[in-house]
file query_4.txt (compact mmCIF, C-alpha atoms)
# COMPACT_ATOMS: atom_id res chain seq x y z
CA MET A 167 9.55 -141.87 -129.18
CA THR A 168 13.17 -142.65 -129.98
CA ALA A 169 14.66 -145.13 -127.51
CA GLN A 170 18.00 -144.15 -126.03
CA TYR A 171 20.96 -146.34 -125.10
CA GLY A 172 24.58 -145.59 -124.36
CA LEU A 173 28.03 -146.44 -123.11
CA ILE A 174 29.75 -145.17 -119.97
CA GLY A 175 33.49 -145.27 -119.37
CA TYR A 176 36.53 -143.01 -119.44
CA PRO A 177 38.05 -142.22 -121.85
CA LEU A 178 35.93 -143.31 -124.81
CA SER A 179 38.00 -142.26 -127.80
CA HIS A 180 37.99 -145.62 -129.62
CA SER A 181 34.76 -147.33 -128.60
CA PHE A 182 33.13 -150.16 -130.52
CA SER A 183 29.57 -149.90 -129.22
CA PRO A 184 28.23 -146.57 -130.60
CA ALA A 185 29.03 -147.37 -134.23
CA TYR A 186 27.88 -150.98 -133.88
CA PHE A 187 24.50 -150.18 -132.34
CA ASN A 188 23.75 -147.15 -134.51
CA ASN A 189 24.53 -149.19 -137.63
CA LYS A 190 22.29 -151.94 -136.29
CA PHE A 191 19.45 -149.49 -135.64
CA ALA A 192 19.78 -148.03 -139.14
CA SER A 193 19.95 -151.39 -140.96
CA GLU A 194 17.09 -152.93 -138.95
CA LYS A 195 14.98 -149.72 -139.02
CA ILE A 196 14.85 -149.51 -135.21
CA ASP A 197 13.81 -146.13 -133.79
CA ALA A 198 16.69 -145.79 -131.34
CA ARG A 199 20.02 -144.06 -130.83
CA TYR A 200 23.18 -144.97 -128.96
CA ASP A 201 25.59 -142.40 -127.52
CA ALA A 202 28.94 -142.50 -125.73
CA TYR A 203 29.05 -140.83 -122.32
CA ALA A 204 32.59 -140.24 -121.11
CA ILE A 205 32.22 -139.62 -117.38
CA PRO A 206 35.46 -138.92 -115.47
CA ILE A 207 34.15 -140.44 -112.22
CA ILE A 208 31.47 -143.10 -111.70
CA ASP A 209 29.56 -140.84 -109.28
CA GLU A 210 28.46 -138.80 -112.31
CA LEU A 211 26.20 -141.68 -113.38
CA ALA A 212 23.33 -140.27 -111.28
CA THR A 213 23.60 -136.90 -113.03
CA LEU A 214 23.73 -138.60 -116.42
CA LEU A 215 20.51 -140.50 -115.71
CA LYS A 216 18.74 -137.30 -114.62
CA GLU A 217 19.85 -135.51 -117.79
CA HIS A 218 18.76 -138.42 -120.01
CA PRO A 219 15.53 -139.78 -118.52
CA LEU A 220 14.70 -141.78 -121.67
CA LEU A 221 17.71 -144.08 -121.37
CA LYS A 222 16.68 -147.74 -121.44
CA GLY A 223 20.09 -149.35 -121.19
CA LEU A 224 23.79 -148.74 -120.78
CA ASN A 225 26.95 -150.62 -121.53
CA VAL A 226 29.84 -150.21 -119.10
CA THR A 227 33.51 -150.25 -120.03
CA ILE A 228 36.91 -149.46 -118.50
CA PRO A 229 37.33 -148.41 -115.72
CA TYR A 230 33.81 -148.79 -114.30
CA LYS A 231 32.84 -152.47 -114.66
CA GLU A 232 33.56 -153.06 -110.98
CA GLN A 233 33.02 -149.53 -109.63
CA VAL A 234 29.42 -149.39 -110.89
CA VAL A 235 28.23 -152.42 -108.88
CA PRO A 236 27.44 -150.57 -105.60
CA LEU A 237 25.30 -148.05 -107.53
CA LEU A 238 22.89 -150.66 -108.87
CA HIS A 239 19.51 -151.64 -107.43
CA ASP A 240 19.91 -155.30 -108.38
CA ILE A 241 22.42 -157.54 -110.10
CA ASP A 242 22.14 -160.75 -112.09
CA THR A 243 23.53 -163.93 -110.49
CA ALA A 244 26.30 -164.35 -113.06
CA ALA A 245 27.38 -160.70 -112.76
CA ARG A 246 27.41 -161.02 -108.96
CA ASP A 247 29.59 -164.15 -109.16
CA ILE A 248 31.91 -162.41 -111.63
CA GLY A 249 32.05 -159.19 -109.63
CA ALA A 250 31.81 -157.00 -112.72
CA VAL A 251 29.01 -155.47 -114.79
CA ASN A 252 29.16 -154.43 -118.45
CA CYS A 253 25.43 -154.07 -119.12
CA ILE A 254 22.75 -152.13 -117.22
CA ASP A 255 19.04 -152.51 -117.85
CA ILE A 256 17.06 -149.43 -116.83
CA ARG A 257 13.40 -150.01 -115.95
CA ASP A 258 11.09 -147.80 -113.89
CA GLY A 259 14.05 -145.95 -112.44
CA ARG A 260 15.80 -149.15 -111.34
CA LEU A 261 19.26 -150.15 -112.50
CA ILE A 262 19.81 -153.89 -112.97
CA GLY A 263 23.34 -155.10 -113.72
CA TYR A 264 24.37 -157.96 -116.00
CA ASN A 265 27.58 -159.33 -117.46
CA THR A 266 27.44 -160.24 -121.14
CA ASP A 267 31.22 -160.30 -121.56
CA TYR A 268 31.40 -163.89 -120.39
CA ILE A 269 28.64 -164.89 -122.83
CA GLY A 270 30.54 -163.36 -125.74
CA PHE A 271 33.78 -164.96 -124.61
CA VAL A 272 32.34 -168.46 -124.16
CA GLU A 273 30.51 -168.50 -127.46
CA SER A 274 33.49 -167.20 -129.45
CA LEU A 275 36.02 -169.48 -127.73
CA ARG A 276 34.08 -172.75 -127.71
CA PRO A 277 34.45 -173.58 -131.45
CA LEU A 278 38.25 -173.28 -131.18
CA LEU A 279 38.77 -175.57 -128.20
CA GLN A 280 40.68 -178.80 -128.77
CA ALA A 281 41.40 -181.76 -126.48
CA GLN A 282 44.67 -180.20 -125.25
CA HIS A 283 43.04 -176.98 -124.08
CA THR A 284 42.36 -178.13 -120.52
CA HIS A 285 44.52 -175.51 -118.77
CA ALA A 286 44.56 -171.75 -119.37
CA LEU A 287 46.71 -168.79 -118.42
CA VAL A 288 44.70 -165.61 -117.87
CA LEU A 289 46.88 -162.53 -118.33
CA GLY A 290 45.56 -159.68 -116.19
CA THR A 291 43.30 -159.19 -113.18
CA GLY A 292 40.72 -156.53 -114.16
CA GLY A 293 36.98 -156.73 -114.73
CA ALA A 294 37.41 -158.41 -118.11
CA ALA A 295 39.64 -161.06 -116.52
CA LYS A 296 36.90 -161.83 -114.01
CA ALA A 297 34.42 -162.51 -116.82
CA VAL A 298 36.95 -164.76 -118.56
CA ILE A 299 37.60 -166.69 -115.35
CA TYR A 300 33.87 -167.23 -114.83
CA ALA A 301 33.59 -168.49 -118.42
CA LEU A 302 36.52 -170.90 -117.97
CA LYS A 303 34.82 -172.32 -114.89
CA GLN A 304 31.65 -172.86 -116.95
CA LEU A 305 33.73 -174.70 -119.56
CA GLY A 306 35.55 -176.83 -117.00
CA ILE A 307 38.97 -175.41 -117.91
CA GLU A 308 41.52 -175.07 -115.12
CA TYR A 309 43.33 -171.75 -115.03
CA LYS A 310 46.01 -169.64 -113.41
CA ILE A 311 46.05 -165.84 -113.30
CA VAL A 312 49.25 -164.14 -114.41
CA SER A 313 49.92 -160.58 -113.25
CA ARG A 314 52.74 -158.20 -112.46
CA THR A 315 51.30 -157.95 -108.94
CA GLY A 316 48.98 -160.47 -107.34
CA GLY A 317 47.46 -163.34 -109.30
CA ASP A 318 48.63 -166.94 -109.07
CA MET A 319 51.97 -166.26 -110.73
CA GLN A 320 54.01 -163.42 -112.16
CA TYR A 321 55.14 -163.13 -115.76
CA ALA A 322 58.67 -164.23 -114.81
CA ASP A 323 57.20 -167.56 -113.62
CA VAL A 324 55.87 -168.43 -117.08
CA ASP A 325 58.53 -170.69 -118.57
CA GLU A 326 58.79 -173.61 -120.99
CA GLN A 327 57.40 -176.09 -118.48
CA VAL A 328 54.38 -173.93 -117.73
CA LEU A 329 53.61 -173.51 -121.43
CA LYS A 330 53.82 -177.27 -121.98
CA GLN A 331 50.81 -177.65 -119.68
CA TYR A 332 48.91 -174.41 -120.31
CA LYS A 333 47.99 -174.48 -124.00
CA LEU A 334 45.30 -171.76 -123.84
CA ILE A 335 46.53 -168.21 -123.16
CA ILE A 336 44.10 -165.30 -122.83
CA ASN A 337 45.21 -161.67 -122.77
CA THR A 338 42.71 -159.55 -120.82
CA THR A 339 45.06 -156.56 -120.48
CA PRO A 340 45.06 -153.53 -122.83
CA LEU A 341 48.67 -154.24 -123.85
CA GLY A 342 48.99 -153.92 -127.61
CA MET A 343 45.81 -151.89 -128.04
CA TYR A 344 45.92 -149.01 -130.53
CA PRO A 345 47.84 -146.72 -130.50
CA GLU A 346 50.46 -148.64 -128.45
CA ILE A 347 50.64 -151.48 -130.94
CA ASP A 348 54.31 -152.27 -130.24
CA LYS A 349 53.56 -153.74 -126.80
CA ALA A 350 52.74 -157.32 -125.79
CA PRO A 351 52.52 -159.37 -122.58
CA ASP A 352 55.95 -160.51 -121.42
CA ILE A 353 55.83 -164.28 -121.93
CA PRO A 354 58.40 -166.57 -123.63
CA TYR A 355 56.75 -166.84 -127.05
CA GLN A 356 59.56 -169.09 -128.34
CA TYR A 357 58.02 -171.99 -126.40
CA LEU A 358 54.64 -171.73 -128.12
CA GLY A 359 53.64 -174.20 -130.81
CA GLU A 360 50.81 -175.55 -132.94
CA GLU A 361 48.88 -176.90 -129.94
CA HIS A 362 48.57 -173.46 -128.35
CA LEU A 363 45.57 -171.18 -128.67
CA LEU A 364 46.09 -167.46 -128.03
CA TYR A 365 43.01 -165.31 -127.43
CA ASP A 366 43.30 -161.53 -127.12
CA LEU A 367 40.34 -159.49 -125.88
CA VAL A 368 41.83 -156.52 -127.76
CA TYR A 369 40.37 -156.09 -131.26
CA ASN A 370 42.13 -152.92 -132.43
CA PRO A 371 44.49 -153.64 -134.14
CA GLU A 372 43.00 -156.78 -135.65
CA GLU A 373 46.23 -158.67 -134.97
CA THR A 374 48.02 -157.46 -131.86
CA LEU A 375 51.71 -158.10 -131.29
CA PHE A 376 50.66 -160.83 -128.81
CA LEU A 377 48.70 -162.61 -131.54
CA GLN A 378 51.37 -161.97 -134.17
CA LYS A 379 54.03 -163.60 -132.00
CA GLY A 380 51.75 -166.58 -131.42
CA ARG A 381 50.94 -166.98 -135.11
CA GLN A 382 54.63 -166.93 -135.97
CA GLN A 383 55.08 -169.93 -133.67
CA GLY A 384 52.24 -171.82 -135.34
CA ALA A 385 49.62 -171.18 -132.64
CA THR A 386 45.92 -170.65 -133.36
CA ILE A 387 44.95 -167.04 -132.69
CA LYS A 388 41.71 -165.16 -132.03
CA ASN A 389 41.02 -161.50 -131.32
CA GLY A 390 38.16 -160.01 -129.32
CA TYR A 391 35.98 -158.72 -132.16
CA GLU A 392 33.50 -161.61 -132.26
CA MET A 393 33.28 -161.51 -128.47
CA LEU A 394 32.31 -157.84 -128.70
CA ILE A 395 29.56 -158.54 -131.21
CA LEU A 396 28.17 -161.45 -129.17
CA GLN A 397 28.19 -159.50 -125.90
CA ALA A 398 26.50 -156.56 -127.62
CA GLU A 399 23.74 -158.78 -129.00
CA ALA A 400 23.28 -160.37 -125.56
CA ALA A 401 22.88 -156.87 -124.09
CA TRP A 402 20.31 -156.03 -126.76
CA GLN A 403 18.30 -159.11 -125.81
CA ILE A 404 18.38 -158.10 -122.13
CA TRP A 405 17.24 -154.54 -122.88
CA ASN A 406 14.31 -155.77 -124.98
CA THR A 407 13.07 -158.75 -122.98
CA ASN A 408 9.51 -158.24 -121.68
CA ARG A 409 9.39 -154.56 -122.61
call {"tool": "encode", "arguments": {"input": "query_4.txt", "output": "structure tokens"}}
result
Amino acid sequence: MTAQYGLIGYPLSHSFSPAYFNNKFASEKIDARYDAYAIPIIDELATLLKEHPLLKGLNVTIPYKEQVVPLLHDIDTAARDIGAVNCIDIRDGRLIGYNTDYIGFVESLRPLLQAQHTHALVLGTGGAAKAVIYALKQLGIEYKIVSRTGGDMQYADVDEQVLKQYKLIINTTPLGMYPEIDKAPDIPYQYLGEEHLLYDLVYNPEETLFLQKGRQQGATIKNGYEMLILQAEAAWQIWNTNR
């Protein structure tokens, strides 16, 4: 019987996961399918599960990574500490939540880290930011959260002195994502240099305006594509462990 997996979020017009997993299933001759389920409110998850009783696992994307937590039967320690879930394992009618975003982020960031990358600015405060913050703690990197409201500082507080100390800058916001490719976080890019590392969780376009501005100043840049692949493979391992 064909195994079923899927993605929940809203909207889902430009989603990575369906194409990635269906290509994986085809190339590895796995009898499975992966569908996108755009649900306008998280409460529709229960209906979705009733309509698709063969589902073995779900990925969770914007805006439900935090909203889905109260609907789960259990949650992994890391996901509980993060406060956000992007992967659900479905077994015997029970929903178990995990976070593989932080795994993908850590493993894709680690090879790029240099001695000067001891302090990070995290741009944004959503579910993805929470996974990044958890990962930075695991790596022993001090951080400050930058946001228009809340956070440790606002964008206007990021100046030349701040960027002299904080050489790792991570964009967890959707700014610059297709189709709004002419947008970027409001930081003083003129103070960036070769010691800076800019990481953007956005992967479409391949080089966001945030990354482009960093590259023009000599900074090392990285988009979120490898993170997506690594988190997807981590989810696949969870779904297939001890089946």
call {"tool": "atom_distance", "arguments": {"input": "query_4.txt", "atom1": "CA of Gly223 (chain A)", "atom2": "CA of Trp402 (chain A)"}}
result
8.7 Å
call {"tool": "closest_residue", "arguments": {"input": "query_4.txt", "among": "A:Cys253, A:Leu173, A:Leu238, A:Ala212", "to": "Glu399 (chain A)", "atoms": "only C-alpha atoms"}}
result
A:Cys253
call {"tool": "atom_distance", "arguments": {"input": "query_4.txt", "atom1": "CA of Gln356 (chain A)", "atom2": "CA of Gln382 (chain A)"}}
result
9.3 Å
call {"tool": "residues_near_point", "arguments": {"input": "query_4.txt", "point": "(42.4, -179.9, -127.5)", "cutoff": "12 Å", "atoms": "all atoms listed in the file", "output": "number ranges by chain"}}
result
A: 276-286, 307, 331-334, 360-363, 386
call {"tool": "closest_residue", "arguments": {"input": "query_4.txt", "among": "A:Leu287, A:Leu364, A:Ala295, A:Ile404", "to": "Tyr321 (chain A)", "atoms": "all atoms listed in the file"}}
result
A:Leu287
call {"tool": "atom_distance", "arguments": {"input": "query_4.txt", "atom1": "CA of Tyr200 (chain A)", "atom2": "CA of Pro184 (chain A)"}}
result
5.5 Å
call {"tool": "residues_around", "arguments": {"input": "query_4.txt", "residues": "Ile269 (chain A)", "least_positions_apart": "3", "cutoff": "9 Å", "atoms": "all atoms listed in the file", "output": "list in words"}}
result
Asn265, Thr266, Val272, Glu273, Ser274, Ala297, Ala301, Met393, Leu396, Gln397 and Ala400 of chain A
call {"tool": "closest_residue", "arguments": {"input": "query_4.txt", "among": "A:Leu261, A:Ala398, A:Leu367, A:Val226", "to": "Ile241 (chain A)", "atoms": "all atoms listed in the file"}}
result
A:Leu261
call {"tool": "residues_around", "arguments": {"input": "query_4.txt", "residues": "Ile311 (chain A)", "least_positions_apart": "2", "cutoff": "6 Å", "atoms": "all atoms listed in the file", "output": "ChimeraX atom specification"}}
result
/A:287-288,317-318
call {"tool": "write_last_selection", "arguments": {"input": "query_4.txt", "atoms": "C-alpha atoms", "output": "PDB file, keeping the file's coordinate frame"}}
result
ATOM      1  CA  LEU A 287      46.710-168.790-118.420  1.00  0.00           C
ATOM      2  CA  VAL A 288      44.700-165.610-117.870  1.00  0.00           C
ATOM      3  CA  GLY A 317      47.460-163.340-109.300  1.00  0.00           C
ATOM      4  CA  ASP A 318      48.630-166.940-109.070  1.00  0.00           C
TER       5      ASP A 318
END
call {"tool": "closest_residue", "arguments": {"input": "query_4.txt", "among": "A:Gly172, A:Gly263, A:Pro371, A:Pro206", "to": "Phe187 (chain A)", "atoms": "only C-alpha atoms"}}
result
A:Gly172
call {"tool": "closest_residue", "arguments": {"input": "query_4.txt", "among": "A:Tyr264, A:Tyr203, A:Tyr357, A:Tyr365", "to": "Ser181 (chain A)", "atoms": "only C-alpha atoms"}}
result
A:Tyr203
call {"tool": "closest_residue", "arguments": {"input": "query_4.txt", "among": "A:Asp255, A:Glu392, A:Glu194, A:Asp352", "to": "Leu375 (chain A)", "atoms": "only C-alpha atoms"}}
result
A:Asp352
call {"tool": "residues_around", "arguments": {"input": "query_4.txt", "residues": "region 345-347 of chain A", "least_positions_apart": "3", "cutoff": "9 Å", "atoms": "all atoms listed in the file", "output": "number ranges by chain"}}
result
A: 341-342, 350, 370-371, 374-375
call {"tool": "decode", "arguments": {"input": "query_4.txt", "residues": "region 248-304 of chain A", "atoms": "C-alpha atoms", "output": "compact mmCIF listing (two decimals), in the first residue's frame"}}
result
# COMPACT_ATOMS: atom_id res chain seq x y z
CA ILE A 248 12.43 25.42 20.73
CA GLY A 249 8.68 25.93 21.00
CA ALA A 250 8.07 25.09 17.35
CA VAL A 251 7.39 21.93 15.34
CA ASN A 252 8.10 21.37 11.64
CA CYS A 253 7.77 17.58 11.54
CA ILE A 254 4.96 15.31 12.79
CA ASP A 255 5.27 11.55 13.06
CA ILE A 256 1.90 9.80 12.91
CA ARG A 257 1.72 6.38 14.58
CA ASP A 258 -1.36 4.50 15.79
CA GLY A 259 -3.40 7.68 15.71
CA ARG A 260 -0.89 9.62 17.81
CA LEU A 261 0.81 12.79 16.64
CA ILE A 262 4.40 13.26 17.82
CA GLY A 263 6.11 16.58 17.10
CA TYR A 264 9.76 17.16 16.21
CA ASN A 265 11.89 20.03 15.00
CA THR A 266 14.33 19.18 12.21
CA ASP A 267 14.89 22.81 11.20
CA TYR A 268 17.59 23.23 13.82
CA ILE A 269 19.33 20.05 12.61
CA GLY A 270 19.42 21.34 9.05
CA PHE A 271 20.61 24.75 10.20
CA VAL A 272 23.42 23.44 12.43
CA GLU A 273 24.76 21.00 9.87
CA SER A 274 24.74 23.54 7.02
CA LEU A 275 26.22 26.36 9.11
CA ARG A 276 28.97 24.48 10.95
CA PRO A 277 31.40 24.11 7.98
CA LEU A 278 31.33 27.90 7.42
CA LEU A 279 32.10 28.99 10.97
CA GLN A 280 35.39 30.77 11.60
CA ALA A 281 37.07 31.93 14.81
CA GLN A 282 35.41 35.37 14.62
CA HIS A 283 31.88 33.98 14.47
CA THR A 284 31.28 34.01 18.23
CA HIS A 285 28.34 36.46 18.19
CA ALA A 286 25.26 36.37 15.97
CA LEU A 287 22.38 38.65 15.09
CA VAL A 288 19.13 36.77 14.48
CA LEU A 289 16.77 38.81 12.31
CA GLY A 290 13.16 37.92 13.12
CA THR A 291 11.20 36.28 15.93
CA GLY A 292 9.04 33.55 14.32
CA GLY A 293 9.16 29.77 14.57
CA ALA A 294 12.20 29.54 12.29
CA ALA A 295 14.05 32.05 14.49
CA LYS A 296 13.38 29.85 17.51
CA ALA A 297 15.02 26.87 15.80
CA VAL A 298 18.02 29.03 14.84
CA ILE A 299 18.38 30.30 18.41
CA TYR A 300 18.31 26.74 19.76
CA ALA A 301 21.00 25.77 17.24
CA LEU A 302 23.20 28.74 18.21
CA LYS A 303 22.96 27.68 21.84
CA GLN A 304 24.09 24.18 20.84
